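One structure is given here, and the rest of the page talks about it.
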There are 2 protein chains.
Amino acid sequence: MNRICELFGIKYPIIMGGMSWAGTPKLAAAVSEAGGLGIIGAGPMRKKDLEKAIDEIRNLTDKPFGVNIILVSPYADELVETVIEKRVPVVTFGAGNPTKYIKSLKESGIKVVPVVASDNLARMVERSGADAIIAEGMESGGHIGEITTFVLVNAVSRKVSVPVIAAGGIVDGRGMAAAFALGAEGIQMGTRFIASKEADTHENFKQLILKSGIRDTVVTGASLGHSARVIKTKFAKKVRELEVSSPEEAENILVGSLRKAVLEGNINEGSFMAGQSTGLIEQLKSVKEIIEDIIQEFKETVIKLKEVSF
Amino acid sequence: MNRICELFGIKYPIIMGGMSWAGTPKLAAAVSEAGGLGIIGAGPMRKKDLEKAIDEIRNLTDKPFGVNIILVSPYADELVETVIEKRVPVVTFGAGNPTKYIKSLKESGIKVVPVVASDNLARMVERSGADAIIAEGMESGGHIGEITTFVLVNAVSRKVSVPVIAAGGIVDGRGMAAAFALGAEGIQMGTRFIASKEADTHENFKQLILKSGIRDTVVTGASLGHSARVIKTKFAKKVRELEVSSPEEAENILVGSLRKAVLEGNINEGSFMAGQSTGLIEQLKSVKEIIEDIIQEFKETVIKLKEVSF
């Protein structure tokens, strides 16, 4: 039995990435219904918003789901409180070290799964009681570290005993098999699920993902201390220039830019956070097709590997 | 039969990375003798140097080997002439588009294998007659592009018909299996072979690789137009600072810095080019051990993948 499936009580070890604005109850419910683990992206939410989102997903599915909380949120405390009150099965944590929340969450029977970008943080959160660890490579969309999926997943899974979920650059069964070869027992995908029929994300965003090649993302905010991978639009190039010439102005135009991309499809003022994997995504699919195609291709890939001889 | 083994007439589809200064005839011969494809790094050589190196490797092994030529070398023309005159079996090309050399090399029966950092260049060199393509991710040591191994190998192998060799972040059998899952039919390694008993590289360099973690590399030269991944020494940090404050001075201190690292182990003035995989390398091994351990672990990894069930 796969440890990730067992831990979360799901059919396939495929987790939805924590995505602010794009991680809606509807999309998360579709992932859970298809056998994965859907994740509500709490991102900028406050207690009331998250309560509503949790009620919504429970109306759409009776399968396990999770909530992603980003540790840079000023409302992280009340969001943790909310998932405990609402008995959410799983919490994933992004952008920081969630150690201080782990004990109370676990006492409430909630599975805790931090996202890490380094092997050192992986060991630290394991010691604090994490149930699994998401090792996220720098090819991922949104906020990122510096180590690639290939190196990070290998290093983290050698250094911890809890199961590792690989994230960054994975959109298909080949990627899933590669992640498992490197030591992962599950995968997390964000960009791939935005380019789905069930995503509430603006059509412009979905089209940008389908059209972009592997070289069409860029990292903004590195010099501002919050690196984020986004699709290389004119706006993204402008942010990169302003980071050097006028960091304050860069910060100003970044405020609200992800919301503008996800909700409004605003090409001129939006940050379209997406991974390098955007270049591997060519078709809009239903969430069920995405997941079933991956599982099918995973199996085919393993068969091909068996046949390799030298 | 594996297409890379067939193409080069070797036992294992493991290729040595093209490494200036570190890619000596002795190390290349050890890789070829162990069943892989050793590569002489022509780097800064002129015709006479390369002739001598080719004679040297032929005294050490009768197995196939190759020469790596970097296209930024002012002597690229005479080096190509030399490999033709000397009937070298394989040429790998780094840092540019080798299209103009491919025809004459192939007419002389030499296998041509360009290193690419994008799927577009991969398609271009395939159309020009490349026999295989090395897809090199940005986690690699030395001169790099922007796309990670995970995304690049998947994208390139979907877009070309010639066999793809994965490079960047690979040091073990898990990595080899992951590369094959993503569509590669061979792997290339550089950093791993520097940390070998047979490498002529200075002991300080080898020790730095063994001690470094996955976060201990940094990219220098990005703003100067020639990004290179190196171990994060004080010198590397100084280069990064000078790139901003005084680009000319940065260029000046970079001149000869790779030679100083490889030959002298000069910590204060050397560029220790190495990949993020430096964090996965913990033991100095003989080349034979490196290769045989990888093949063994590759097979074990495939067996584990077969047992995955969900």
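We name chains A, B, ... following the order of the structure tokens; residues begin at 1 in each chain, and ligands are numbered from 1 as shown.
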Any idea which chain B residues end up within 6 Å of chain A if we count only C-alpha atoms, as a ChimeraX atom specification please?
-> /B:151,169,174,177-178,181-182
Would you mind exporting the chosen residues as a tab-separated table (two decimals), in the first residue's frame, restricted to all heavy atoms?
chain	number	residue	atom	x	y	z
B	151	VAL	N	11.99	19.24	-16.17
B	151	VAL	CA	11.13	19.77	-17.23
B	151	VAL	C	11.80	19.61	-18.60
B	151	VAL	O	11.17	19.21	-19.59
B	151	VAL	CB	10.80	21.25	-16.96
B	151	VAL	CG1	10.07	21.89	-18.14
B	151	VAL	CG2	9.95	21.37	-15.69
B	169	GLY	N	22.11	17.24	-12.09
B	169	GLY	CA	21.49	16.72	-10.87
B	169	GLY	C	21.55	15.21	-10.72
B	169	GLY	O	20.99	14.66	-9.78
B	174	ARG	N	19.05	6.21	-8.67
B	174	ARG	CA	17.71	6.80	-8.58
B	174	ARG	C	17.57	7.88	-9.63
B	174	ARG	O	16.56	7.98	-10.32
B	174	ARG	CB	17.49	7.42	-7.19
B	174	ARG	CG	17.46	6.42	-6.07
B	174	ARG	CD	17.86	7.03	-4.72
B	174	ARG	NE	16.97	8.07	-4.28
B	174	ARG	CZ	16.35	8.08	-3.09
B	174	ARG	NH1	16.53	7.07	-2.24
B	174	ARG	NH2	15.56	9.05	-2.73
B	177	ALA	N	17.29	6.36	-13.10
B	177	ALA	CA	15.95	5.82	-13.36
B	177	ALA	C	14.95	6.96	-13.60
B	177	ALA	O	14.09	6.87	-14.48
B	177	ALA	CB	15.50	4.95	-12.18
B	178	ALA	N	15.08	8.05	-12.83
B	178	ALA	CA	14.19	9.20	-13.02
B	178	ALA	C	14.39	9.79	-14.41
B	178	ALA	O	13.42	10.12	-15.11
B	178	ALA	CB	14.47	10.25	-11.95
B	181	ALA	N	12.73	7.61	-16.86
B	181	ALA	CA	11.27	7.76	-16.78
B	181	ALA	C	10.82	8.98	-17.57
B	181	ALA	O	9.79	8.98	-18.24
B	181	ALA	CB	10.83	7.87	-15.32
B	182	LEU	N	11.63	10.04	-17.53
B	182	LEU	CA	11.29	11.29	-18.23
B	182	LEU	C	11.55	11.20	-19.73
B	182	LEU	O	11.26	12.14	-20.47
B	182	LEU	CB	12.08	12.45	-17.63
B	182	LEU	CG	11.69	12.82	-16.18
B	182	LEU	CD1	12.72	13.76	-15.57
B	182	LEU	CD2	10.30	13.44	-16.12
Val88 (chain B) surroundings by only C-alpha atoms, 10 Å radius, close-in-sequence under 6 positions cut, as a PyMOL selection string = chain B and resi 54+64-67+82+105+108-111
Would you write out those residues with C-alpha atoms, as an mmCIF file, in the first residue's frame?
data_model
loop_
_atom_site.group_PDB
_atom_site.id
_atom_site.type_symbol
_atom_site.label_atom_id
_atom_site.label_comp_id
_atom_site.auth_asym_id
_atom_site.auth_seq_id
_atom_site.Cartn_x
_atom_site.Cartn_y
_atom_site.Cartn_z
ATOM 1 C CA ILE B 54 43.943 12.362 -27.869
ATOM 2 C CA PRO B 64 35.440 4.553 -27.515
ATOM 3 C CA PHE B 65 35.826 8.077 -26.138
ATOM 4 C CA GLY B 66 34.800 11.590 -27.099
ATOM 5 C CA VAL B 67 35.940 15.204 -27.102
ATOM 6 C CA THR B 82 41.695 18.079 -35.104
ATOM 7 C CA LEU B 105 31.929 15.809 -38.768
ATOM 8 C CA SER B 108 33.971 11.800 -41.360
ATOM 9 C CA GLY B 109 31.922 9.232 -39.443
ATOM 10 C CA ILE B 110 32.048 11.133 -36.184
ATOM 11 C CA LYS B 111 28.992 11.045 -33.917
#
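For the pair CA of Leu60 (chain B) and CA of Lys26 (chain B), the interatomic distance is 7.3 Å.
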Excluding region 192-202 of chain B and residues on its chain fewer than 5 positions from it, collect all residues at most 6 Å away from it, counting only C-alpha atoms, and give them as an MDAnalysis selection string.
-> chainID B and resid 22 27 171 262:263 265 284:287
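For the choices B:Met189, B:Ile165, B:Ala76, B:Val83, the atom-to-atom distance to Ile294 (chain B) is smallest for B:Met189 when using only C-alpha atoms.
Remark: for Val31 (chain A), the closest of the candidate residues A:Gly43, A:Gly17, A:Gly94, A:Gly141 is A:Gly17 (distances computed over only C-alpha atoms).
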